[in-house]
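Note: the block below is target-v5.csv and it holds CSV, C-alpha atoms.
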```
chain,number,residue,atom,x,y,z
A,1,MET,CA,16.7,-2.1,-23.4
A,2,ALA,CA,13.2,-2.3,-21.8
A,3,ILE,CA,12.3,-2.8,-18.2
A,4,GLN,CA,11.7,-6.4,-17.1
A,5,ARG,CA,8.8,-5.7,-14.7
A,6,MET,CA,7.7,-3.4,-11.9
A,7,ASP,CA,9.4,-5.0,-8.8
A,8,ASN,CA,7.5,-3.2,-6.0
A,9,VAL,CA,6.0,0.0,-4.7
A,10,GLY,CA,7.6,1.4,-1.5
A,11,ILE,CA,5.6,3.0,1.3
A,12,VAL,CA,7.1,4.6,4.4
A,13,VAL,CA,5.2,3.8,7.5
A,14,GLU,CA,5.3,4.7,11.2
A,15,ASP,CA,3.6,1.6,12.6
A,16,MET,CA,5.1,-1.4,10.8
A,17,ASP,CA,2.9,-4.0,12.6
A,18,ALA,CA,-0.3,-2.1,11.8
A,19,ALA,CA,0.7,-1.7,8.2
A,20,ILE,CA,1.5,-5.4,7.8
A,21,ALA,CA,-1.8,-6.4,9.5
A,22,PHE,CA,-3.7,-4.1,7.1
A,23,PHE,CA,-2.2,-5.5,3.9
A,24,VAL,CA,-2.4,-9.1,5.2
A,25,GLU,CA,-6.1,-8.6,5.9
A,26,LEU,CA,-6.5,-7.2,2.4
A,27,GLY,CA,-5.2,-10.6,1.2
A,28,MET,CA,-1.5,-10.0,0.7
A,29,GLU,CA,1.1,-12.4,2.0
A,30,LEU,CA,4.1,-11.4,4.2
A,31,GLU,CA,7.1,-12.4,2.2
A,32,GLY,CA,9.6,-11.4,4.8
A,33,ARG,CA,11.1,-8.7,7.1
A,34,ALA,CA,14.6,-7.4,7.4
A,35,GLU,CA,16.7,-4.5,8.7
A,36,VAL,CA,18.5,-2.5,6.1
A,37,GLU,CA,21.6,-0.4,6.8
A,38,GLY,CA,25.0,0.4,5.6
A,39,LEU,CA,26.9,2.2,2.8
A,40,PHE,CA,24.7,0.8,0.0
A,41,ALA,CA,21.5,2.0,1.7
A,42,ASP,CA,23.0,5.5,2.2
A,43,GLN,CA,24.2,5.6,-1.4
A,44,CYS,CA,20.9,4.3,-2.8
A,45,THR,CA,18.7,6.7,-0.8
A,46,GLY,CA,20.9,9.7,-0.7
A,47,LEU,CA,20.6,9.8,3.1
A,48,ASP,CA,23.3,9.4,5.7
A,49,GLY,CA,23.2,6.8,8.4
A,50,VAL,CA,20.2,4.9,7.1
A,51,ARG,CA,18.8,2.2,9.4
A,52,CYS,CA,15.4,1.0,8.2
A,53,ASP,CA,13.1,-1.9,9.0
A,54,ILE,CA,11.4,-3.3,5.9
A,55,ALA,CA,8.7,-5.8,5.2
A,56,MET,CA,7.8,-7.1,1.8
A,57,VAL,CA,4.2,-8.1,1.2
A,58,ARG,CA,3.1,-9.7,-2.1
A,59,THR,CA,-0.2,-10.4,-3.9
A,60,PRO,CA,-1.4,-14.0,-3.9
A,61,ASP,CA,-0.4,-14.4,-7.5
A,62,GLY,CA,3.2,-13.5,-6.6
A,63,LEU,CA,3.4,-10.8,-9.3
A,64,SER,CA,3.1,-7.6,-7.3
A,65,ARG,CA,4.7,-6.5,-4.1
A,66,LEU,CA,4.7,-3.6,-1.6
A,67,GLU,CA,7.8,-2.8,0.4
A,68,LEU,CA,6.9,-1.3,3.7
A,69,ALA,CA,9.7,0.7,5.3
A,70,LYS,CA,10.0,2.2,8.9
A,71,TYR,CA,13.0,4.5,9.1
A,72,ARG,CA,14.8,4.3,12.4
A,73,SER,CA,17.4,6.8,11.2
A,74,PRO,CA,17.2,9.3,9.9
A,75,ALA,CA,13.7,9.6,11.2
A,76,ALA,CA,10.8,9.7,8.8
A,77,ILE,CA,9.6,13.2,7.9
A,78,GLY,CA,5.9,13.9,7.9
A,79,ALA,CA,4.6,15.1,4.5
A,80,GLY,CA,1.7,17.0,6.0
A,81,PRO,CA,-1.8,15.9,7.0
A,82,ARG,CA,-2.6,12.2,6.4
A,83,ASN,CA,-6.0,13.0,5.0
A,84,ARG,CA,-4.7,15.0,2.1
A,85,PRO,CA,-7.1,15.3,-0.8
A,86,HIS,CA,-7.1,12.7,-3.6
A,87,ASN,CA,-5.9,15.2,-6.3
A,88,ILE,CA,-2.6,16.2,-4.6
A,89,LEU,CA,0.5,15.9,-6.8
A,90,GLY,CA,2.6,12.8,-6.3
A,91,THR,CA,1.6,9.3,-5.7
A,92,HIS,CA,-2.0,8.9,-6.5
A,93,ARG,CA,-3.0,5.5,-5.1
A,94,VAL,CA,-2.3,1.8,-5.1
A,95,MET,CA,-5.1,-0.2,-6.7
A,96,PHE,CA,-6.1,-3.8,-6.0
A,97,ALA,CA,-8.5,-6.1,-7.8
A,98,VAL,CA,-10.8,-7.8,-5.2
A,99,ASP,CA,-13.5,-10.5,-5.4
A,100,ASP,CA,-16.0,-8.7,-3.1
A,101,ILE,CA,-15.5,-5.0,-2.5
A,102,GLU,CA,-18.0,-4.6,0.3
A,103,ASP,CA,-16.6,-7.6,2.3
A,104,THR,CA,-13.1,-6.2,1.8
A,105,VAL,CA,-14.0,-2.8,3.0
A,106,ALA,CA,-15.7,-4.3,6.1
A,107,ARG,CA,-12.6,-6.4,6.9
A,108,LEU,CA,-10.3,-3.4,6.6
A,109,ARG,CA,-12.3,-1.0,8.7
A,110,PRO,CA,-11.0,-2.6,12.0
A,111,HIS,CA,-7.5,-1.9,10.7
A,112,GLY,CA,-8.2,1.8,10.4
A,113,ALA,CA,-9.5,1.9,6.8
A,114,GLU,CA,-11.9,4.8,6.0
A,115,LEU,CA,-13.7,5.3,2.6
A,116,VAL,CA,-12.6,8.5,0.9
A,117,GLY,CA,-15.9,8.7,-0.9
A,118,GLU,CA,-18.2,5.8,-1.4
A,119,ILE,CA,-18.4,2.6,-3.4
A,120,ALA,CA,-19.3,3.6,-6.9
A,121,ARG,CA,-20.4,1.6,-10.0
A,122,PHE,CA,-18.6,2.2,-13.3
A,123,GLU,CA,-21.1,1.3,-16.0
A,124,ASP,CA,-21.7,-2.5,-16.0
A,125,SER,CA,-18.0,-3.2,-15.5
A,126,TYR,CA,-16.7,-2.4,-12.0
A,127,LEU,CA,-17.5,-1.4,-8.5
A,128,LEU,CA,-14.7,0.9,-7.3
A,129,CYS,CA,-13.7,2.8,-4.2
A,130,TYR,CA,-10.8,4.6,-2.6
A,131,LEU,CA,-10.0,4.2,1.1
A,132,ARG,CA,-7.3,5.5,3.3
A,133,GLY,CA,-5.0,2.9,4.6
A,134,PRO,CA,-1.9,3.0,6.8
A,135,GLU,CA,-0.3,6.4,7.1
A,136,GLY,CA,-3.1,7.9,5.1
A,137,ILE,CA,-2.2,6.4,1.8
A,138,ILE,CA,-5.0,5.9,-0.6
A,139,VAL,CA,-5.8,2.3,-1.6
A,140,GLY,CA,-8.1,1.7,-4.5
A,141,LEU,CA,-10.3,-1.4,-4.7
A,142,ALA,CA,-11.9,-2.7,-7.9
A,143,GLU,CA,-14.4,-5.5,-8.2
A,144,GLN,CA,-15.1,-6.6,-11.7
A,145,LEU,CA,-18.8,-7.2,-12.3
A,146,ARG,CA,-19.8,-10.4,-14.1
```

Show this structure as structure tokens.
Amino acid sequence: MAIQRMDNVGIVVEDMDAAIAFFVELGMELEGRAEVEGLFADQCTGLDGVRCDIAMVRTPDGLSRLELAKYRSPAAIGAGPRNRPHNILGTHRVMFAVDDIEDTVARLRPHGAELVGEIARFEDSYLLCYLRGPEGIIVGLAEQLR
């Protein structure tokens, strides 16, 4: 049996409203918000007493989603500095295809986005950059060149 699809990528955040605003400005659509708690949440996560606010945001094509989660209990645990280097083990980044990389970066800056390096050209194919988004996660942007 093979997988059917990748359903979503989960990101734990401290400021839910700021994270939603960031991803909506990026061009994602808020699909919905809910509170998750109960035995199934404890069993699934391996934590006791889970109470978590979630928000699901999706790409405009409806094919990809991020689940943003703010843990009310047990409290989220900081994983170290939010400006960790790009080559740290674990989740590397989330990459999005965009129409205009410079405009996208400019629109995200008021939402706390900071370039990790700079906008770079890969041959005659792409403009690429990494920036830090909510909670210090690295978000990649790729603009295909015509």

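Considering all atoms listed in the file, the residue among A:Asp53, A:Ala120, A:Arg84, A:Asp100 positioned nearest to Ile138 of chain A is A:Arg84.
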
What is the distance between atom CA of Tyr71 of chain A and atom CA of Ile54 of chain A, in Å to one decimal?
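Interatomic distance, atom CA of Tyr71 of chain A to atom CA of Ile54 of chain A: 8.6 Å.
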
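Counting only C-alpha atoms and comparing A:Ala69, A:Val9, A:Cys52, A:Leu108, the residue that lies closest to Arg132 of chain A is A:Leu108.
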
Best match for closeness to Leu128 of chain A among A:Gly112, A:Leu47, A:Arg107, A:Met95, counting all atoms listed in the file:
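For Leu128 of chain A, the nearest of the given residues is A:Met95.
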
Taking only C-alpha atoms into account, name the residue in A:Ala113, A:Leu30, A:Ile11, A:Val105 that is nearest to Arg93 of chain A.
A:Ile11

Identify, on the basis of only C-alpha atoms, every residue whose closest approach to Gly140 of chain A does not exceed 7 Å; exclude the query and any residue fewer than 5 positions from it along the same chain; express the result as a count of residues only.
7

For a quick check of understanding, using all atoms listed in the file, which of A:Thr104, A:Ser73, A:Val98, A:Glu114 has the smallest distance to Glu143 of chain A?
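Checking each candidate against Glu143 of chain A, we get A:Val98 as the closest.
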
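Proximity ranking of A:Val57, A:Leu127, A:Ala106, A:Leu68 relative to Glu35 of chain A places A:Leu68 first, based on only C-alpha atoms.
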
In Å, with one decimal, what is the gap from atom CA of Gly62 of chain A to atom CA of Val24 of chain A?
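Straight-line distance from atom CA of Gly62 of chain A to atom CA of Val24 of chain A works out to 13.8 Å.
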
Please measure the separation of atom CA of Ile20 of chain A and atom CA of Arg72 of chain A, giving the value in Å to one decimal.
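Between atom CA of Ile20 of chain A and atom CA of Arg72 of chain A the gap is 17.1 Å.
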
Leaving out Ala75 of chain A and any residue of its chain fewer than 6 positions from it, which residues lie within 10 Å of it when counting all atoms listed in the file, given as a PDB file with C-alpha atoms, keeping the file's coordinate frame?
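File written: part.pdb
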```pdb
ATOM      1  CA  GLU A  14       5.300   4.700  11.200  1.00  0.00           C
ATOM      2  CA  VAL A  50      20.200   4.900   7.100  1.00  0.00           C
ATOM      3  CA  ARG A  51      18.800   2.200   9.400  1.00  0.00           C
ATOM      4  CA  CYS A  52      15.400   1.000   8.200  1.00  0.00           C
TER       5      CYS A  52
END
```

With a distance cut-off of 8 Å and all atoms listed in the file, select the neighbouring residues of Glu31 of chain A, excluding the residue or stretch itself and same-chain residues fewer than 6 positions from it, and output the selection as a ChimeraX atom specification.
/A:55-58

File output, segment 13-39 of chain A (N, CA, C and O atoms) as a JSON list (two decimals), in the first residue's frame:
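Contents of part29.json, freshly written:
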```json
[["chain", "number", "residue", "atom", "x", "y", "z"],
["A", 13, "VAL", "N", 3.48, 27.09, 17.19],
["A", 13, "VAL", "CA", 3.72, 28.54, 17.27],
["A", 13, "VAL", "C", 3.34, 29.05, 18.65],
["A", 13, "VAL", "O", 2.56, 28.43, 19.37],
["A", 14, "GLU", "N", 3.88, 30.19, 18.99],
["A", 14, "GLU", "CA", 3.53, 30.86, 20.24],
["A", 14, "GLU", "C", 2.43, 31.89, 20.01],
["A", 14, "GLU", "O", 1.52, 32.03, 20.81],
["A", 15, "ASP", "N", 2.52, 32.61, 18.90],
["A", 15, "ASP", "CA", 1.56, 33.67, 18.58],
["A", 15, "ASP", "C", 0.75, 33.24, 17.36],
["A", 15, "ASP", "O", 1.18, 33.43, 16.21],
["A", 16, "MET", "N", -0.40, 32.65, 17.61],
["A", 16, "MET", "CA", -1.23, 32.11, 16.53],
["A", 16, "MET", "C", -1.66, 33.19, 15.55],
["A", 16, "MET", "O", -1.58, 33.00, 14.33],
["A", 17, "ASP", "N", -2.13, 34.32, 16.06],
["A", 17, "ASP", "CA", -2.61, 35.37, 15.17],
["A", 17, "ASP", "C", -1.50, 35.89, 14.25],
["A", 17, "ASP", "O", -1.72, 36.13, 13.07],
["A", 18, "ALA", "N", -0.31, 36.06, 14.80],
["A", 18, "ALA", "CA", 0.81, 36.53, 13.98],
["A", 18, "ALA", "C", 1.19, 35.49, 12.93],
["A", 18, "ALA", "O", 1.50, 35.84, 11.79],
["A", 19, "ALA", "N", 1.17, 34.22, 13.30],
["A", 19, "ALA", "CA", 1.51, 33.16, 12.34],
["A", 19, "ALA", "C", 0.47, 33.10, 11.22],
["A", 19, "ALA", "O", 0.82, 33.00, 10.03],
["A", 20, "ILE", "N", -0.80, 33.20, 11.57],
["A", 20, "ILE", "CA", -1.84, 33.20, 10.54],
["A", 20, "ILE", "C", -1.66, 34.40, 9.62],
["A", 20, "ILE", "O", -1.70, 34.26, 8.39],
["A", 21, "ALA", "N", -1.43, 35.57, 10.18],
["A", 21, "ALA", "CA", -1.25, 36.78, 9.37],
["A", 21, "ALA", "C", -0.07, 36.63, 8.41],
["A", 21, "ALA", "O", -0.16, 37.04, 7.24],
["A", 22, "PHE", "N", 1.02, 36.03, 8.87],
["A", 22, "PHE", "CA", 2.20, 35.82, 8.03],
["A", 22, "PHE", "C", 1.85, 34.95, 6.83],
["A", 22, "PHE", "O", 2.13, 35.30, 5.68],
["A", 23, "PHE", "N", 1.24, 33.80, 7.09],
["A", 23, "PHE", "CA", 0.96, 32.87, 6.01],
["A", 23, "PHE", "C", -0.16, 33.35, 5.09],
["A", 23, "PHE", "O", -0.14, 33.07, 3.89],
["A", 24, "VAL", "N", -1.11, 34.10, 5.62],
["A", 24, "VAL", "CA", -2.14, 34.70, 4.76],
["A", 24, "VAL", "C", -1.51, 35.75, 3.85],
["A", 24, "VAL", "O", -1.81, 35.84, 2.66],
["A", 25, "GLU", "N", -0.60, 36.56, 4.39],
["A", 25, "GLU", "CA", 0.11, 37.55, 3.56],
["A", 25, "GLU", "C", 0.93, 36.86, 2.48],
["A", 25, "GLU", "O", 1.07, 37.37, 1.37],
["A", 26, "LEU", "N", 1.47, 35.71, 2.80],
["A", 26, "LEU", "CA", 2.22, 34.93, 1.81],
["A", 26, "LEU", "C", 1.31, 34.49, 0.66],
["A", 26, "LEU", "O", 1.76, 34.31, -0.46],
["A", 27, "GLY", "N", 0.02, 34.36, 0.93],
["A", 27, "GLY", "CA", -0.92, 33.97, -0.11],
["A", 27, "GLY", "C", -1.73, 32.73, 0.22],
["A", 27, "GLY", "O", -2.53, 32.26, -0.59],
["A", 28, "MET", "N", -1.52, 32.19, 1.43],
["A", 28, "MET", "CA", -2.30, 31.03, 1.85],
["A", 28, "MET", "C", -3.66, 31.50, 2.33],
["A", 28, "MET", "O", -3.87, 32.67, 2.63],
["A", 29, "GLU", "N", -4.59, 30.57, 2.40],
["A", 29, "GLU", "CA", -5.96, 30.88, 2.82],
["A", 29, "GLU", "C", -6.24, 30.17, 4.14],
["A", 29, "GLU", "O", -5.91, 28.99, 4.29],
["A", 30, "LEU", "N", -6.85, 30.89, 5.07],
["A", 30, "LEU", "CA", -7.23, 30.27, 6.34],
["A", 30, "LEU", "C", -8.41, 29.35, 6.08],
["A", 30, "LEU", "O", -9.48, 29.79, 5.65],
["A", 31, "GLU", "N", -8.20, 28.08, 6.33],
["A", 31, "GLU", "CA", -9.25, 27.08, 6.12],
["A", 31, "GLU", "C", -10.15, 26.97, 7.34],
["A", 31, "GLU", "O", -11.35, 26.72, 7.21],
["A", 32, "GLY", "N", -9.57, 27.15, 8.52],
["A", 32, "GLY", "CA", -10.37, 27.07, 9.73],
["A", 32, "GLY", "C", -9.51, 27.02, 10.98],
["A", 32, "GLY", "O", -8.31, 26.82, 10.91],
["A", 33, "ARG", "N", -10.17, 27.25, 12.11],
["A", 33, "ARG", "CA", -9.52, 27.20, 13.42],
["A", 33, "ARG", "C", -10.36, 26.30, 14.32],
["A", 33, "ARG", "O", -11.58, 26.22, 14.17],
["A", 34, "ALA", "N", -9.69, 25.65, 15.28],
["A", 34, "ALA", "CA", -10.40, 24.78, 16.21],
["A", 34, "ALA", "C", -9.55, 24.59, 17.46],
["A", 34, "ALA", "O", -8.36, 24.90, 17.48],
["A", 35, "GLU", "N", -10.18, 24.06, 18.49],
["A", 35, "GLU", "CA", -9.46, 23.65, 19.69],
["A", 35, "GLU", "C", -9.47, 22.14, 19.72],
["A", 35, "GLU", "O", -10.50, 21.52, 19.47],
["A", 36, "VAL", "N", -8.33, 21.56, 20.01],
["A", 36, "VAL", "CA", -8.19, 20.11, 20.05],
["A", 36, "VAL", "C", -7.84, 19.71, 21.48],
["A", 36, "VAL", "O", -6.92, 20.27, 22.08],
["A", 37, "GLU", "N", -8.59, 18.75, 22.00],
["A", 37, "GLU", "CA", -8.29, 18.20, 23.32],
["A", 37, "GLU", "C", -9.00, 16.87, 23.47],
["A", 37, "GLU", "O", -9.84, 16.51, 22.64],
["A", 38, "GLY", "N", -8.62, 16.14, 24.48],
["A", 38, "GLY", "CA", -9.29, 14.87, 24.73],
["A", 38, "GLY", "C", -8.35, 13.69, 24.60],
["A", 38, "GLY", "O", -7.17, 13.82, 24.27],
["A", 39, "LEU", "N", -8.90, 12.51, 24.87],
["A", 39, "LEU", "CA", -8.12, 11.28, 24.89],
["A", 39, "LEU", "C", -7.41, 11.03, 23.55],
["A", 39, "LEU", "O", -6.24, 10.65, 23.53]]
```
